[in-house]
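Chemist: Right, I'll just put the structure down here and ask away after.
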Amino acid sequence: MKILVTGAAGFIGYHLCNNLSKNKNIELVGVDNFDNYYDVNIKKNRIKTLKKNKKFVFYKVDINNNLKISQIFKKYNFNIVIHLAAQAGVRYSISNPSKYIKSNINGFFNIIDVSRKFKVKHFLFASTSSVYGNSKKFPLKEDLNTDKPLSIYAATKKSNEVLAYAYSNIFKIPCTALRFFTVYGPFGRPDMALYLFTKKMINYESIELFNKGNHIRDFTYIDDIILSITKLIKKPPRGIVPYEVYNLASSKPRKLKDFLETIKIHLGITKFKIIKLKMQKGDVFKTHADTNKLINKIKYKPSIGIEIGIQEFIKWFKKYYKYD
Ligand SMILES: NC(=O)c1ccc[n+]([C@@H]2O[C@H](COP(=O)([O-])OP(=O)(O)OC[C@H]3O[C@@H](n4cnc5c(N)ncnc54)[C@H](O)[C@@H]3O)[C@@H](O)[C@H]2O)c1
């Protein structure tokens with residue numbers, strides 16, 4: 001089986017490639033442009049780690065580069081494409097909307113269109129819990145209305161789902177939308193809460209907390225996400241419109257302040273300072289996924305809790321930044 005992972009230098013892309021490259025029957029190619037939204041060294045180190053496995057092939061390329069991307073598709077003739085490359089982050093999309101249009105709209109179109117031309121058997125792509133906007137029907141089910149995204153980031157991801165649906169309908173390319181819910185774990189993103197809080201706490205700096213930490217998030221550990229993706233790869237949608245969307249989540253919502261408290265405990269810190277900020281524009285108050293559709297499909301229930309997940313992250317953080 002030949003698989004392409006876009007965004008291979010990213011947090012989720014790295015872990016997915018790490019898992020897939022252990023499978024002897026998979027020929028794995030990763031692409032990424034090492035975008036500088038956050039520390040590029042982390043991305044380079046992820047790729048360096050992946051390259052220890054000689055079977056892993058990597059190309060530094062922008063997903064908008066039609067010529068190079070087409071050449072890669074021609075060379076490998078992929079059966080499966082897992083499209084994770086994107087400009088992530090809700091807050092950054094307020095100040096930099098054009099980056100989101102470029103990577104998440106134009107880039108997405110390029111990858112799905114080349115996948116269609118090269119007759120890929122299953123196209124899986126990253127969507128987000130943010131598409132649910134301010135929906136209050138908890139737990140959030142895949143068939144809820146998602147017409148009112150609260151941020152530009154969410155709007156681009158919703159657009160991806162809609163475009164993929166049309167591609168499935170017209171060209172019969174089997175497409176699976178993966179709605180990720182706040183993914184965290186080792187080698188995680190420096191712009192996300194767990195990394196930011198840990199870094200500040202360990203350095204005795206004040207922590208900026210939006211909405212007094214009352215946000216509720218369905219925090220999902222990276223290993224649960226990766227296992228779910230590897231199982232979904234083998235389940236291309238069938239039917240007249242071969243398109244499916246799944247929530248990938250632990251379905252265990254927790255308050256951000258509990259998350260913070262758990263980091264404190266695992267760091268062995270007694271006190272930390274908080275700067276309370278108002279609710280950020282574009283942010284949703286609560287996420288909590290219904291994961292029954294996923295569980296029925298793959299016979300696996302993502303359920304690693306934050307107590308274990310945060311501990312694993314802190315182990316990685318201390319080792320990576322040599323804190324011990
Ligand atoms: N981590 C989460 O909690 C979460 C939640 C919901 C959705 N997602 C989505 O999952 C996917 C992966 O997220 P992540 O957390 O690994 O983010 P990430 O930023 O670590 O990874 C994305 C990767 O895509 C690459 N990229 C961006 N623009 C590119 C372009 N034009 N050409 C080539 N490469 C490009 C970046 O360099 C980066 O390495 C993204 O689509 C993101 O929107 C993530």
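In the structure tokens, chains take letters A, B, ... by order of appearance, with residues numbered from 1 within each chain and ligands from 1 in the order shown.
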With only C-alpha atoms as the counted atoms, please give the residues lying no more than 9 Å from range 177-189 of chain A, apart from itself and same-chain residues fewer than 4 positions off, as a tab-separated table (two decimals) with all heavy atoms, in the first residue's frame.

Modeler:
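So part_8.tsv came out as:
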```
chain	number	residue	atom	x	y	z
A	10	GLY	N	4.25	18.17	10.95
A	10	GLY	CA	3.36	18.72	11.98
A	10	GLY	C	3.19	17.72	13.12
A	10	GLY	O	3.67	16.58	13.06
A	11	PHE	N	2.49	18.15	14.15
A	11	PHE	CA	2.29	17.34	15.35
A	11	PHE	C	1.60	16.00	15.03
A	11	PHE	O	2.14	14.92	15.28
A	11	PHE	CB	1.49	18.17	16.35
A	11	PHE	CG	0.92	17.42	17.53
A	11	PHE	CD1	1.70	16.50	18.23
A	11	PHE	CD2	-0.39	17.66	17.94
A	11	PHE	CE1	1.17	15.82	19.33
A	11	PHE	CE2	-0.92	16.99	19.02
A	11	PHE	CZ	-0.15	16.06	19.72
A	12	ILE	N	0.41	16.08	14.42
A	12	ILE	CA	-0.34	14.85	14.15
A	12	ILE	C	0.34	14.06	13.02
A	12	ILE	O	0.47	12.83	13.08
A	12	ILE	CB	-1.82	15.16	13.83
A	12	ILE	CG1	-2.47	15.89	15.02
A	12	ILE	CG2	-2.59	13.89	13.49
A	12	ILE	CD1	-3.90	16.37	14.78
A	14	TYR	N	3.48	13.90	12.20
A	14	TYR	CA	4.67	13.20	12.70
A	14	TYR	C	4.27	11.87	13.35
A	14	TYR	O	4.83	10.81	13.06
A	14	TYR	CB	5.43	14.07	13.70
A	14	TYR	CG	6.32	13.27	14.61
A	14	TYR	CD1	7.52	12.73	14.14
A	14	TYR	CD2	5.94	13.00	15.93
A	14	TYR	CE1	8.32	11.95	14.96
A	14	TYR	CE2	6.74	12.22	16.74
A	14	TYR	CZ	7.92	11.70	16.26
A	14	TYR	OH	8.70	10.92	17.07
A	15	HIS	N	3.30	11.94	14.26
A	15	HIS	CA	2.90	10.72	15.00
A	15	HIS	C	2.29	9.68	14.06
A	15	HIS	O	2.50	8.48	14.22
A	15	HIS	CB	1.93	11.07	16.12
A	15	HIS	CG	2.61	11.68	17.31
A	15	HIS	ND1	3.29	10.94	18.24
A	15	HIS	CD2	2.74	12.98	17.69
A	15	HIS	CE1	3.80	11.75	19.17
A	15	HIS	NE2	3.47	12.99	18.85
A	38	TYR	N	4.97	28.24	13.83
A	38	TYR	CA	5.64	28.03	15.12
A	38	TYR	C	7.03	27.45	14.85
A	38	TYR	O	7.34	27.08	13.71
A	38	TYR	CB	4.81	27.16	16.08
A	38	TYR	CG	4.54	25.73	15.66
A	38	TYR	CD1	5.51	24.73	15.71
A	38	TYR	CD2	3.27	25.35	15.22
A	38	TYR	CE1	5.25	23.43	15.34
A	38	TYR	CE2	2.99	24.05	14.85
A	38	TYR	CZ	3.99	23.08	14.91
A	38	TYR	OH	3.73	21.79	14.54
A	42	ILE	N	11.30	22.45	15.72
A	42	ILE	CA	10.51	21.29	16.17
A	42	ILE	C	10.12	20.44	14.96
A	42	ILE	O	10.20	19.22	14.97
A	42	ILE	CB	9.26	21.76	16.95
A	42	ILE	CG1	9.65	22.24	18.34
A	42	ILE	CG2	8.20	20.67	17.04
A	42	ILE	CD1	8.54	22.20	19.36
A	46	ARG	N	11.25	16.64	14.14
A	46	ARG	CA	10.28	15.54	13.92
A	46	ARG	C	10.69	14.75	12.67
A	46	ARG	O	10.70	13.51	12.68
A	46	ARG	CB	8.86	16.11	13.75
A	46	ARG	CG	8.27	16.69	15.03
A	46	ARG	CD	6.85	17.17	14.73
A	46	ARG	NE	6.21	17.83	15.84
A	46	ARG	CZ	5.54	19.00	15.74
A	46	ARG	NH1	5.44	19.61	14.58
A	46	ARG	NH2	4.97	19.53	16.79
A	123	PHE	N	-9.33	9.16	0.30
A	123	PHE	CA	-8.78	10.47	0.66
A	123	PHE	C	-9.32	10.83	2.04
A	123	PHE	O	-10.52	11.03	2.23
A	123	PHE	CB	-9.24	11.50	-0.39
A	123	PHE	CG	-8.78	12.90	-0.13
A	123	PHE	CD1	-7.52	13.32	-0.53
A	123	PHE	CD2	-9.61	13.83	0.51
A	123	PHE	CE1	-7.08	14.63	-0.31
A	123	PHE	CE2	-9.18	15.13	0.75
A	123	PHE	CZ	-7.91	15.52	0.34
A	124	LEU	N	-8.41	10.88	3.03
A	124	LEU	CA	-8.82	11.26	4.39
A	124	LEU	C	-8.24	12.64	4.68
A	124	LEU	O	-7.11	12.94	4.26
A	124	LEU	CB	-8.28	10.27	5.43
A	124	LEU	CG	-8.68	8.80	5.26
A	124	LEU	CD1	-7.61	8.04	4.48
A	124	LEU	CD2	-8.90	8.13	6.61
A	125	PHE	N	-8.99	13.48	5.36
A	125	PHE	CA	-8.46	14.83	5.61
A	125	PHE	C	-8.88	15.36	6.98
A	125	PHE	O	-9.91	14.97	7.54
A	125	PHE	CB	-8.89	15.80	4.50
A	125	PHE	CG	-10.38	16.05	4.45
A	125	PHE	CD1	-10.93	17.18	5.05
A	125	PHE	CD2	-11.23	15.15	3.81
A	125	PHE	CE1	-12.30	17.41	5.01
A	125	PHE	CE2	-12.60	15.38	3.77
A	125	PHE	CZ	-13.13	16.51	4.37
A	126	ALA	N	-8.04	16.29	7.46
A	126	ALA	CA	-8.26	16.86	8.80
A	126	ALA	C	-9.32	17.94	8.77
A	126	ALA	O	-9.21	18.92	8.04
A	126	ALA	CB	-6.95	17.46	9.32
A	127	SER	N	-10.37	17.73	9.57
A	127	SER	CA	-11.31	18.81	9.85
A	127	SER	C	-11.17	19.10	11.35
A	127	SER	O	-10.17	18.74	11.96
A	127	SER	CB	-12.73	18.43	9.45
A	127	SER	OG	-13.59	19.56	9.63
A	128	THR	N	-12.17	19.73	11.94
A	128	THR	CA	-12.00	20.16	13.33
A	128	THR	C	-13.33	20.25	14.08
A	128	THR	O	-14.38	20.47	13.47
A	128	THR	CB	-11.33	21.55	13.36
A	128	THR	OG1	-11.38	22.08	14.67
A	128	THR	CG2	-12.03	22.55	12.44
A	129	SER	N	-13.24	20.15	15.40
A	129	SER	CA	-14.42	20.35	16.25
A	129	SER	C	-14.94	21.78	16.12
A	129	SER	O	-16.11	22.04	16.41
A	129	SER	CB	-14.04	20.09	17.71
A	129	SER	OG	-12.98	20.94	18.10
A	130	SER	N	-14.08	22.69	15.66
A	130	SER	CA	-14.50	24.10	15.54
A	130	SER	C	-15.66	24.28	14.56
A	130	SER	O	-16.35	25.30	14.61
A	130	SER	CB	-13.34	24.99	15.08
A	130	SER	OG	-12.27	24.90	15.97
A	131	VAL	N	-15.88	23.31	13.66
A	131	VAL	CA	-16.99	23.48	12.71
A	131	VAL	C	-18.35	23.50	13.42
A	131	VAL	O	-19.33	24.00	12.88
A	131	VAL	CB	-17.01	22.40	11.58
A	131	VAL	CG1	-15.76	22.44	10.73
A	131	VAL	CG2	-17.27	21.01	12.14
A	142	GLU	N	-22.17	14.11	14.52
A	142	GLU	CA	-21.70	14.47	13.19
A	142	GLU	C	-22.79	15.09	12.32
A	142	GLU	O	-22.49	15.88	11.41
A	142	GLU	CB	-21.13	13.24	12.47
A	142	GLU	CG	-19.78	12.78	12.99
A	142	GLU	CD	-19.87	11.81	14.16
A	142	GLU	OE1	-20.96	11.70	14.77
A	142	GLU	OE2	-18.84	11.19	14.49
A	160	ASN	N	-13.67	22.79	3.37
A	160	ASN	CA	-13.02	21.54	2.95
A	160	ASN	C	-14.03	20.39	2.93
A	160	ASN	O	-14.06	19.59	2.00
A	160	ASN	CB	-11.88	21.15	3.91
A	160	ASN	CG	-10.70	22.10	3.86
A	160	ASN	OD1	-9.82	22.02	4.71
A	160	ASN	ND2	-10.65	22.99	2.90
A	161	GLU	N	-14.84	20.33	3.98
A	161	GLU	CA	-15.83	19.24	4.07
A	161	GLU	C	-16.82	19.31	2.90
A	161	GLU	O	-17.16	18.30	2.29
A	161	GLU	CB	-16.58	19.32	5.40
A	161	GLU	CG	-15.72	19.00	6.62
A	161	GLU	CD	-16.56	18.91	7.90
A	161	GLU	OE1	-17.79	19.07	7.84
A	161	GLU	OE2	-15.96	18.67	8.97
A	164	ALA	N	-15.08	18.42	-0.41
A	164	ALA	CA	-14.81	16.98	-0.47
A	164	ALA	C	-16.11	16.22	-0.77
A	164	ALA	O	-16.09	15.24	-1.53
A	164	ALA	CB	-14.21	16.50	0.85
A	193	ALA	N	-2.44	25.05	24.38
A	193	ALA	CA	-2.49	25.27	25.82
A	193	ALA	C	-1.48	24.44	26.62
A	193	ALA	O	-0.75	24.98	27.45
A	193	ALA	CB	-3.90	24.99	26.33
A	194	LEU	N	-1.42	23.14	26.35
A	194	LEU	CA	-0.57	22.27	27.17
A	194	LEU	C	0.89	22.71	27.12
A	194	LEU	O	1.57	22.82	28.14
A	194	LEU	CB	-0.72	20.82	26.70
A	194	LEU	CG	0.12	19.79	27.43
A	194	LEU	CD1	-0.09	19.82	28.93
A	194	LEU	CD2	-0.18	18.38	26.91
A	195	TYR	N	1.37	22.99	25.93
A	195	TYR	CA	2.76	23.42	25.75
A	195	TYR	C	2.98	24.78	26.41
A	195	TYR	O	3.93	24.98	27.19
A	195	TYR	CB	3.06	23.47	24.25
A	195	TYR	CG	4.51	23.76	23.90
A	195	TYR	CD1	5.32	22.77	23.36
A	195	TYR	CD2	5.07	25.01	24.11
A	195	TYR	CE1	6.65	23.02	23.03
A	195	TYR	CE2	6.39	25.27	23.80
A	195	TYR	CZ	7.17	24.28	23.25
A	195	TYR	OH	8.47	24.53	22.93
A	196	LEU	N	2.09	25.71	26.13
A	196	LEU	CA	2.24	27.09	26.66
A	196	LEU	C	2.23	27.08	28.19
A	196	LEU	O	3.08	27.70	28.83
A	196	LEU	CB	1.11	27.98	26.14
A	196	LEU	CG	1.14	28.34	24.66
A	196	LEU	CD1	-0.17	29.00	24.25
A	196	LEU	CD2	2.31	29.26	24.34
A	217	ARG	N	-13.13	21.53	27.16
A	217	ARG	CA	-12.62	20.93	25.94
A	217	ARG	C	-12.60	19.41	26.04
A	217	ARG	O	-12.30	18.84	27.08
A	217	ARG	CB	-11.18	21.39	25.66
A	217	ARG	CG	-11.06	22.85	25.21
A	217	ARG	CD	-11.59	23.03	23.79
A	217	ARG	NE	-11.54	24.42	23.36
A	217	ARG	CZ	-12.51	25.32	23.57
A	217	ARG	NH1	-13.62	24.97	24.21
A	217	ARG	NH2	-12.38	26.55	23.11
A	218	ASP	N	-12.89	18.78	24.91
A	218	ASP	CA	-12.81	17.34	24.79
A	218	ASP	C	-11.37	17.00	24.40
A	218	ASP	O	-11.06	16.76	23.24
A	218	ASP	CB	-13.81	16.90	23.70
A	218	ASP	CG	-14.14	15.43	23.80
A	218	ASP	OD1	-13.30	14.69	24.31
A	218	ASP	OD2	-15.23	15.05	23.34
A	219	PHE	N	-10.47	17.04	25.39
A	219	PHE	CA	-9.05	16.82	25.15
A	219	PHE	C	-8.83	15.37	24.69
A	219	PHE	O	-9.30	14.44	25.34
A	219	PHE	CB	-8.24	17.06	26.42
A	219	PHE	CG	-8.26	18.50	26.87
A	219	PHE	CD1	-9.04	18.90	27.94
A	219	PHE	CD2	-7.47	19.44	26.22
A	219	PHE	CE1	-9.06	20.23	28.36
A	219	PHE	CE2	-7.48	20.77	26.63
A	219	PHE	CZ	-8.27	21.17	27.70
A	220	THR	N	-8.08	15.23	23.60
A	220	THR	CA	-7.91	13.88	23.03
A	220	THR	C	-6.43	13.57	22.87
A	220	THR	O	-5.69	14.33	22.22
A	220	THR	CB	-8.64	13.79	21.67
A	220	THR	OG1	-9.98	14.27	21.86
A	220	THR	CG2	-8.69	12.36	21.18
A	221	TYR	N	-6.02	12.45	23.46
A	221	TYR	CA	-4.60	12.10	23.45
A	221	TYR	C	-4.18	11.60	22.05
A	221	TYR	O	-4.92	10.87	21.40
A	221	TYR	CB	-4.32	11.03	24.51
A	221	TYR	CG	-2.85	10.80	24.72
A	221	TYR	CD1	-2.01	11.84	25.13
A	221	TYR	CD2	-2.27	9.56	24.47
A	221	TYR	CE1	-0.65	11.64	25.31
A	221	TYR	CE2	-0.91	9.35	24.66
A	221	TYR	CZ	-0.11	10.40	25.07
A	221	TYR	OH	1.24	10.20	25.24
A	222	ILE	N	-3.00	12.01	21.67
A	222	ILE	CA	-2.51	11.74	20.30
A	222	ILE	C	-2.57	10.26	19.91
A	222	ILE	O	-2.95	9.93	18.78
A	222	ILE	CB	-1.08	12.32	20.11
A	222	ILE	CG1	-0.59	12.18	18.65
A	222	ILE	CG2	-0.07	11.73	21.08
A	222	ILE	CD1	-1.23	13.06	17.66
A	223	ASP	N	-2.23	9.35	20.83
A	223	ASP	CA	-2.23	7.92	20.47
A	223	ASP	C	-3.62	7.43	20.07
A	223	ASP	O	-3.77	6.58	19.19
A	223	ASP	CB	-1.71	7.06	21.65
A	223	ASP	CG	-0.23	7.28	21.90
A	223	ASP	OD1	0.38	8.13	21.22
A	223	ASP	OD2	0.32	6.60	22.79
A	225	ILE	N	-5.89	9.30	18.66
A	225	ILE	CA	-6.14	9.87	17.32
A	225	ILE	C	-5.46	9.01	16.25
A	225	ILE	O	-6.09	8.65	15.24
A	225	ILE	CB	-5.58	11.33	17.25
A	225	ILE	CG1	-6.40	12.26	18.16
A	225	ILE	CG2	-5.49	11.84	15.82
A	225	ILE	CD1	-7.76	12.65	17.63
A	229	ILE	N	-7.14	6.85	13.20
A	229	ILE	CA	-6.87	7.10	11.77
A	229	ILE	C	-6.42	5.81	11.08
A	229	ILE	O	-6.91	5.48	10.00
A	229	ILE	CB	-5.79	8.20	11.56
A	229	ILE	CG1	-6.22	9.54	12.18
A	229	ILE	CG2	-5.51	8.40	10.06
A	229	ILE	CD1	-5.16	10.65	12.11
A	243	TYR	N	-18.82	9.37	1.02
A	243	TYR	CA	-18.29	10.42	1.91
A	243	TYR	C	-18.76	10.16	3.33
A	243	TYR	O	-19.93	9.86	3.55
A	243	TYR	CB	-18.81	11.79	1.44
A	243	TYR	CG	-18.40	12.93	2.33
A	243	TYR	CD1	-17.23	13.65	2.08
A	243	TYR	CD2	-19.18	13.30	3.44
A	243	TYR	CE1	-16.83	14.69	2.90
A	243	TYR	CE2	-18.79	14.34	4.27
A	243	TYR	CZ	-17.62	15.04	4.00
A	243	TYR	OH	-17.23	16.06	4.82
A	244	GLU	N	-17.84	10.26	4.30
A	244	GLU	CA	-18.23	10.13	5.71
A	244	GLU	C	-17.46	11.15	6.54
A	244	GLU	O	-16.35	11.53	6.20
A	244	GLU	CB	-17.91	8.73	6.26
A	244	GLU	CG	-18.80	7.60	5.74
A	244	GLU	CD	-20.27	7.72	6.13
A	244	GLU	OE1	-20.62	8.49	7.05
A	244	GLU	OE2	-21.08	7.02	5.49
A	245	VAL	N	-18.09	11.54	7.65
A	245	VAL	CA	-17.40	12.42	8.59
A	245	VAL	C	-17.46	11.79	9.98
A	245	VAL	O	-18.49	11.20	10.37
A	245	VAL	CB	-18.01	13.85	8.56
A	245	VAL	CG1	-19.51	13.84	8.70
A	245	VAL	CG2	-17.39	14.75	9.60
A	246	TYR	N	-16.34	11.84	10.70
A	246	TYR	CA	-16.26	11.25	12.04
A	246	TYR	C	-15.68	12.23	13.04
A	246	TYR	O	-14.72	12.94	12.73
A	246	TYR	CB	-15.34	10.02	12.04
A	246	TYR	CG	-15.85	8.87	11.20
A	246	TYR	CD1	-15.40	8.70	9.90
A	246	TYR	CD2	-16.77	7.95	11.71
A	246	TYR	CE1	-15.86	7.64	9.12
A	246	TYR	CE2	-17.23	6.90	10.95
A	246	TYR	CZ	-16.77	6.75	9.65
A	246	TYR	OH	-17.23	5.71	8.88
A	247	ASN	N	-16.25	12.23	14.25
A	247	ASN	CA	-15.62	12.90	15.37
A	247	ASN	C	-14.49	12.01	15.88
A	247	ASN	O	-14.73	10.83	16.17
A	247	ASN	CB	-16.61	13.08	16.53
A	247	ASN	CG	-17.66	14.12	16.24
A	247	ASN	OD1	-17.46	15.03	15.44
A	247	ASN	ND2	-18.81	14.01	16.91
A	248	LEU	N	-13.30	12.56	16.02
A	248	LEU	CA	-12.19	11.83	16.64
A	248	LEU	C	-11.91	12.52	17.97
A	248	LEU	O	-11.31	13.59	18.01
A	248	LEU	CB	-10.94	11.82	15.74
A	248	LEU	CG	-10.86	10.62	14.76
A	248	LEU	CD1	-11.94	10.70	13.70
A	248	LEU	CD2	-9.50	10.52	14.12
A	249	ALA	N	-12.37	11.89	19.03
A	249	ALA	CA	-12.34	12.55	20.34
A	249	ALA	C	-12.37	11.52	21.45
A	249	ALA	O	-12.72	10.36	21.24
A	249	ALA	CB	-13.55	13.47	20.47
A	250	SER	N	-12.01	11.96	22.67
A	250	SER	CA	-12.06	11.05	23.81
A	250	SER	C	-13.48	10.99	24.38
A	250	SER	O	-13.84	10.05	25.07
A	250	SER	CB	-11.10	11.51	24.90
A	250	SER	OG	-11.54	12.74	25.45
A	251	SER	N	-14.27	12.03	24.08
A	251	SER	CA	-15.62	12.18	24.62
A	251	SER	C	-15.58	12.32	26.15
A	251	SER	O	-16.49	11.87	26.84
A	251	SER	CB	-16.51	11.01	24.19
A	251	SER	OG	-17.86	11.37	24.36
A	287	THR	N	-16.56	22.02	23.98
A	287	THR	CA	-16.64	20.95	22.98
A	287	THR	C	-16.81	19.62	23.73
A	287	THR	O	-16.23	19.42	24.80
A	287	THR	CB	-15.38	20.87	22.07
A	287	THR	OG1	-14.23	20.58	22.87
A	287	THR	CG2	-15.15	22.15	21.29
A	288	HIS	N	-17.65	18.80	23.19
A	288	HIS	CA	-17.88	17.47	23.76
A	288	HIS	C	-18.47	16.62	22.64
A	288	HIS	O	-19.58	16.86	22.19
A	288	HIS	CB	-18.86	17.56	24.95
A	288	HIS	CG	-19.23	16.22	25.50
A	288	HIS	ND1	-20.31	16.04	26.32
A	288	HIS	CD2	-18.69	14.98	25.34
A	288	HIS	CE1	-20.41	14.76	26.66
A	288	HIS	NE2	-19.44	14.09	26.06
A	289	ALA	N	-17.69	15.64	22.21
A	289	ALA	CA	-18.10	14.87	21.03
A	289	ALA	C	-18.89	13.63	21.39
A	289	ALA	O	-18.62	12.97	22.39
A	289	ALA	CB	-16.86	14.44	20.25
A	309	GLY	N	-2.21	11.32	29.83
A	309	GLY	CA	-1.75	12.08	28.65
A	309	GLY	C	-0.82	13.22	29.01
A	309	GLY	O	0.23	13.42	28.37
A	310	ILE	N	-1.17	13.95	30.06
A	310	ILE	CA	-0.33	15.10	30.46
A	310	ILE	C	1.01	14.61	30.99
A	310	ILE	O	2.06	15.19	30.73
A	310	ILE	CB	-1.08	15.99	31.48
A	310	ILE	CG1	-2.21	16.73	30.76
A	310	ILE	CG2	-0.14	16.96	32.19
A	310	ILE	CD1	-3.05	17.64	31.62
A	312	GLU	N	2.63	11.99	30.06
A	312	GLU	CA	3.46	11.63	28.90
A	312	GLU	C	4.03	12.88	28.23
A	312	GLU	O	5.18	12.91	27.81
A	312	GLU	CB	2.63	10.82	27.88
A	312	GLU	CG	2.30	9.42	28.33
A	312	GLU	CD	3.53	8.61	28.71
A	312	GLU	OE1	4.48	8.56	27.91
A	312	GLU	OE2	3.54	8.03	29.82
A	313	PHE	N	3.20	13.92	28.14
A	313	PHE	CA	3.69	15.15	27.52
A	313	PHE	C	4.83	15.76	28.33
A	313	PHE	O	5.85	16.16	27.78
A	313	PHE	CB	2.55	16.19	27.39
A	313	PHE	CG	3.05	17.52	26.90
A	313	PHE	CD1	3.25	17.75	25.55
A	313	PHE	CD2	3.37	18.53	27.80
A	313	PHE	CE1	3.75	18.97	25.10
A	313	PHE	CE2	3.88	19.75	27.36
A	313	PHE	CZ	4.06	19.98	26.01
A	314	ILE	N	4.65	15.79	29.64
A	314	ILE	CA	5.66	16.42	30.50
A	314	ILE	C	6.98	15.64	30.46
A	314	ILE	O	8.05	16.23	30.41
A	314	ILE	CB	5.13	16.63	31.93
A	314	ILE	CG1	4.09	17.76	31.86
A	314	ILE	CG2	6.24	16.98	32.93
A	314	ILE	CD1	3.34	18.05	33.13
A	315	LYS	N	6.88	14.33	30.40
A	315	LYS	CA	8.09	13.49	30.25
A	315	LYS	C	8.85	13.92	28.99
A	315	LYS	O	10.05	14.12	29.00
A	315	LYS	CB	7.67	12.02	30.09
A	315	LYS	CG	7.85	11.20	31.35
A	315	LYS	CD	7.76	9.72	30.99
A	315	LYS	CE	6.61	9.05	31.69
A	315	LYS	NZ	6.17	7.79	31.11
A	316	TRP	N	8.09	14.04	27.89
A	316	TRP	CA	8.72	14.43	26.62
A	316	TRP	C	9.31	15.84	26.72
A	316	TRP	O	10.45	16.07	26.33
A	316	TRP	CB	7.69	14.40	25.47
A	316	TRP	CG	8.23	15.11	24.27
A	316	TRP	CD1	9.11	14.60	23.35
A	316	TRP	CD2	8.00	16.47	23.89
A	316	TRP	NE1	9.43	15.56	22.43
A	316	TRP	CE2	8.77	16.73	22.73
A	316	TRP	CE3	7.22	17.50	24.41
A	316	TRP	CZ2	8.78	17.97	22.09
A	316	TRP	CZ3	7.23	18.74	23.79
A	316	TRP	CH2	8.00	18.97	22.64
A	317	PHE	N	8.53	16.76	27.28
A	317	PHE	CA	8.94	18.17	27.34
A	317	PHE	C	10.26	18.33	28.10
A	317	PHE	O	11.18	19.00	27.65
A	317	PHE	CB	7.83	19.00	28.01
A	317	PHE	CG	8.04	20.49	27.95
A	317	PHE	CD1	7.50	21.24	26.91
A	317	PHE	CD2	8.78	21.15	28.91
A	317	PHE	CE1	7.68	22.62	26.85
A	317	PHE	CE2	8.98	22.53	28.86
A	317	PHE	CZ	8.41	23.26	27.82
A	320	TYR	N	13.12	16.74	26.04
A	320	TYR	CA	13.42	17.49	24.80
A	320	TYR	C	14.16	18.78	25.12
A	320	TYR	O	15.09	19.17	24.44
A	320	TYR	CB	12.11	17.78	24.07
A	320	TYR	CG	12.28	18.40	22.70
A	320	TYR	CD1	12.60	17.61	21.59
A	320	TYR	CD2	12.11	19.77	22.49
A	320	TYR	CE1	12.74	18.15	20.33
A	320	TYR	CE2	12.26	20.33	21.23
A	320	TYR	CZ	12.57	19.52	20.15
A	320	TYR	OH	12.72	20.09	18.90
```

Chemist: What lies within 12 Å of Tyr92 in chain A using only C-alpha atoms, ignoring chain neighbours under 6 positions off, as a count of residues only?

Modeler: 15

Chemist: Determine which residues of range 47-230 of chain A receive a DSSP assignment of alpha helix (DSSP H), computed from the backbone, and state them as JSON, numbers by chain.

Modeler: {"A": [47, 48, 49, 50, 66, 67, 68, 69, 70, 71, 72, 73, 74, 75, 76, 92, 93, 94, 95, 97, 98, 99, 100, 108, 109, 110, 111, 112, 113, 114, 115, 116, 117, 152, 153, 154, 155, 156, 157, 158, 159, 160, 161, 162, 163, 164, 165, 166, 167, 168, 169, 170, 171, 193, 194, 195, 196, 197, 198, 199, 200, 201, 202, 222, 223, 224, 225, 226, 227, 228, 229, 230]}

Chemist: Which neighbours of Gly107 in chain A fall inside 8 Å, counting only C-alpha atoms, when residues of the same chain fewer than 6 positions from it are skipped, and could you give them as an MDAnalysis selection string?

Modeler: chainID A and resid 63:64 86

Chemist: Residues as selected, C-alpha atoms, written as a compact mmCIF listing (two decimals), in the first residue's frame, can you do that?

Modeler:
```
# COMPACT_ATOMS: atom_id res chain seq x y z
CA ILE A 63 0.87 21.85 -1.10
CA ASN A 64 0.04 24.68 -3.52
CA ALA A 86 -3.03 23.25 6.97
```

Chemist: Return the single residue from A:Ile269, A:Val241, A:Leu150, A:Ile26 that is closest to Gly133 in chain A, with distances computed using only C-alpha atoms.

Modeler: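 Closest to Gly133 in chain A, using only C-alpha atoms: A:Leu150.
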
Chemist: Choose the residue, out of A:Lys172, A:Lys117, A:Lys148, A:Lys141, that has the smallest atom-to-atom separation from Asn292 in chain A; count only C-alpha atoms.

Modeler: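 Counting only C-alpha atoms, the residue closest to Asn292 in chain A is A:Lys141.
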
Chemist: Given only C-alpha atoms and all ligand atoms as the basis, pick out the residue of A:Lys48, A:Leu267, A:Phe58, A:Lys102 nearest to ligand 1.

Modeler: A:Lys102

Chemist: Using only C-alpha atoms, determine which residues lie at most 10 Å from range 198-209 of chain A, disregarding the query and same-chain residues fewer than 5 positions distant; provide the list as a ChimeraX atom specification.

Modeler: /A:190,193,214-215,256-257,260,263-264,266-269,271-279,310,313-314,317-318,321,323

Chemist: When DSSP is applied to the backbone of this structure, which of range 134-251 of chain A are assigned strand (DSSP E or B)? Write them out as a VMD selection string.

Modeler: chain A and resid 140 175 to 180 183 to 184 207 to 210 216 to 217 220 to 221 243 to 248

Chemist: Using only C-alpha atoms and all ligand atoms, pick whichever of A:Ile47, A:Leu84, A:Val57, A:Leu4 has the shortest atom-to-atom distance to ligand 1.

Modeler: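 Nearest candidate to ligand 1 out of A:Ile47, A:Leu84, A:Val57, A:Leu4: A:Leu84.
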
Chemist: Counting only C-alpha atoms and all ligand atoms, which residue out of A:Asn25, A:Ser70, A:Asn110, A:Thr270 sits closest to ligand 1?

Modeler: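 Residue with the minimum atom-to-atom distance to ligand 1: A:Asn110.
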